[in-house]
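Enquirer: Just dropping this structure here.
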Amino acid sequence: MQSLDLSNTFVFDRVLFFGRSFAEYMQMFDLQPEKLIAKSLLDCSAGPASFACEASELGAQVIACDPLYGTTLEELSLIYLLQREEALTRQPKVEHLFDQERNIAEFKQEKVKALQKFSADYSTHPERYIKASLPELPFADRSFDVTLSSNFLFLYADYDEGGMLVQSPFDYDFHLQAILELVRVSKEEVRLYPLKGPHRSEHGFVARICADLSARGIESEIVPVAYRDIKDAHQMLRVKLLRPERF
């Protein structure tokens, strides 16, 4: 990989423990809250997101999984706060990599609210939060109606492929096997966001993933979404399984 000017990039040497709010999930995945009622949902990898808490309050059956779950709330909160501070300190130096339509103050406030809701739910409903990591999940085939996966796949691929990790261990084969695993545990569909990192207009894996899924008889489509964070990252991948249902 070419030498990087870190002052002009948004790259890391690890996956950040960084959660999103319920409202952000609605935009990232083009969801409607009323359509979540009575659905069984998997959020993988969820981080300190508030989606499991808030979707459960609506009547959905939600499981969130993440490699760091099983750690005490105090440790998770410390990890989150340190990494959030690092990310938010660096972002003003690379604002050209992010969508100019987003409101930065609102973006930061969403993260505070998400952490508060996650923290309360992680303590009171630990059964919703399962320690697990791709590409092998501890769930039976077709365990969930729909699986959501945000801000991990594609985003934490290698910088040269369009992600934001230096020497990422998450190569193309990892991505394909991870998505096939998400398909395995899902009945209706899988939705993934984003499809690019901040440094390239297109990701090196997306077209190949769609082709490899198609070769296995799995239909996928790239769908525009309303979410605004990374510049031009306004699409998700919708992988449709048996009896797909529009949300």
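Order determines the names: the first chain of the structure tokens is A, the second B, and so forth; residues in each chain are numbered 1 upward, and ligands are numbered 1 upward as they are shown.
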Using only C-alpha atoms, determine which residues lie at most 9 Å from Leu73 (chain A), disregarding the query and same-chain residues fewer than 6 positions distant; provide the list as a tab-separated table (two decimals) with N, CA, C and O atoms, in the first residue's frame.

Expert:
chain	number	residue	atom	x	y	z
A	119	SER	N	-26.85	1.20	26.81
A	119	SER	CA	-26.32	0.89	28.13
A	119	SER	C	-27.42	0.37	29.05
A	119	SER	O	-27.24	-0.63	29.76
A	122	TYR	N	-28.56	-3.12	27.69
A	122	TYR	CA	-27.52	-4.14	27.87
A	122	TYR	C	-27.51	-4.66	29.30
A	122	TYR	O	-27.23	-5.84	29.54
A	123	SER	N	-27.84	-3.79	30.24
A	123	SER	CA	-27.87	-4.17	31.65
A	123	SER	C	-29.14	-4.94	32.01
A	123	SER	O	-29.08	-5.91	32.77

Enquirer: Dump as CSV the rows for residues of region 165-223 of chain A within 12 Å of region 15-25 of chain A: closest atom pair and distance in Å with one decimal, only C-alpha atoms counted, ordered by chain and rising residue number.

Expert:
residue,atom,partner,partner_atom,distance
A:Leu165,CA,A:Val15,CA,7.8
A:Val166,CA,A:Val15,CA,10.5
A:Gln167,CA,A:Val15,CA,12.0
A:Ser168,CA,A:Val15,CA,9.5
A:Pro169,CA,A:Val15,CA,10.6
A:Phe170,CA,A:Val15,CA,10.5
A:Arg191,CA,A:Tyr25,CA,10.8
A:Leu192,CA,A:Tyr25,CA,10.8
A:Tyr193,CA,A:Tyr25,CA,9.5
A:Pro194,CA,A:Tyr25,CA,11.4

Enquirer: Which one is closest to Leu31 (chain A): A:Asp212, A:Gln109, A:Val146, A:Asp229? Count only C-alpha atoms.

Expert: A:Val146

Enquirer: Using only C-alpha atoms, determine which residues lie at most 8 Å from Leu155 (chain A), disregarding the query and same-chain residues fewer than 4 positions distant; provide the list as a CSV table (one decimal) with all heavy atoms, in the first residue's frame.

Expert:
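Just written: part-v9.csv:
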chain,number,residue,atom,x,y,z
A,151,ASN,N,-22.0,-0.7,9.0
A,151,ASN,CA,-20.8,-0.1,9.4
A,151,ASN,C,-19.7,-1.1,9.9
A,151,ASN,O,-18.9,-0.9,10.8
A,151,ASN,CB,-21.0,0.9,10.5
A,151,ASN,CG,-21.9,2.1,10.0
A,151,ASN,OD1,-21.4,2.9,9.3
A,151,ASN,ND2,-23.1,2.0,10.4
A,162,GLY,N,-11.1,0.3,-0.8
A,162,GLY,CA,-12.1,1.2,-0.6
A,162,GLY,C,-12.6,1.3,0.8
A,162,GLY,O,-13.6,2.0,1.1
A,163,GLY,N,-12.0,0.6,1.7
A,163,GLY,CA,-12.4,0.6,3.1
A,163,GLY,C,-11.5,1.6,3.9
A,163,GLY,O,-10.9,2.5,3.3
A,164,MET,N,-11.5,1.5,5.2
A,164,MET,CA,-10.7,2.4,6.0
A,164,MET,C,-9.9,1.7,7.1
A,164,MET,O,-9.6,2.3,8.2
A,164,MET,CB,-11.6,3.5,6.6
A,164,MET,CG,-12.7,3.0,7.6
A,164,MET,SD,-13.7,4.4,8.2
A,164,MET,CE,-14.4,3.7,9.7
A,194,PRO,N,-22.7,0.6,5.0
A,194,PRO,CA,-22.6,1.2,3.7
A,194,PRO,C,-21.9,0.3,2.7
A,194,PRO,O,-21.4,-0.7,3.1
A,194,PRO,CB,-21.8,2.5,3.9
A,194,PRO,CG,-20.8,2.1,5.0
A,194,PRO,CD,-21.5,1.1,5.9
A,195,LEU,N,-21.9,0.7,1.5
A,195,LEU,CA,-21.2,0.0,0.4
A,195,LEU,C,-19.9,0.6,0.0
A,195,LEU,O,-19.3,0.2,-1.0
A,195,LEU,CB,-22.1,-0.2,-0.8
A,195,LEU,CG,-23.5,-0.8,-0.5
A,195,LEU,CD1,-24.2,-1.1,-1.8
A,195,LEU,CD2,-23.3,-2.1,0.2
A,196,LYS,N,-19.4,1.6,0.7
A,196,LYS,CA,-18.1,2.2,0.4
A,196,LYS,C,-17.6,2.9,1.7
A,196,LYS,O,-18.4,3.2,2.6
A,196,LYS,CB,-18.3,3.3,-0.7
A,196,LYS,CG,-19.2,4.5,-0.3
A,196,LYS,CD,-19.3,5.5,-1.5
A,196,LYS,CE,-18.0,6.2,-1.7
A,196,LYS,NZ,-17.6,7.1,-0.6
A,197,GLY,N,-16.3,3.1,1.7
A,197,GLY,CA,-15.7,3.9,2.7
A,197,GLY,C,-15.6,5.4,2.3
A,197,GLY,O,-16.1,5.7,1.2

Enquirer: So which residues touch region 140-144 of chain A within 6 Å, counting only C-alpha atoms, skipping near sequence neighbours fewer than 2 positions away, as a PyMOL selection string?

Expert: chain A and resi 40-41+146+184-187

Enquirer: With distances taken over only C-alpha atoms, which of A:Phe51, A:Tyr80, A:Phe139, A:Tyr129 is nearest to Val183 (chain A)?

Expert: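 Checking each of A:Phe51, A:Tyr80, A:Phe139, A:Tyr129 against Val183 (chain A), counting only C-alpha atoms, the winner is A:Phe139.
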
Enquirer: Can you tell me, as a ChimeraX atom specification, what residues are no more than 12 Å from Glu57 (chain A) when counting only C-alpha atoms, ignoring any on the same chain fewer than 3 positions away?

Expert: /A:22,33-34,36-38,50-54,60-62,117,121,125

Enquirer: Go ahead and compute the interatomic distance for CA of Gly204 (chain A) and CA of Ala49 (chain A), in Å to one decimal.

Expert: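 Distance reported for this atom pair: 27.4 Å.
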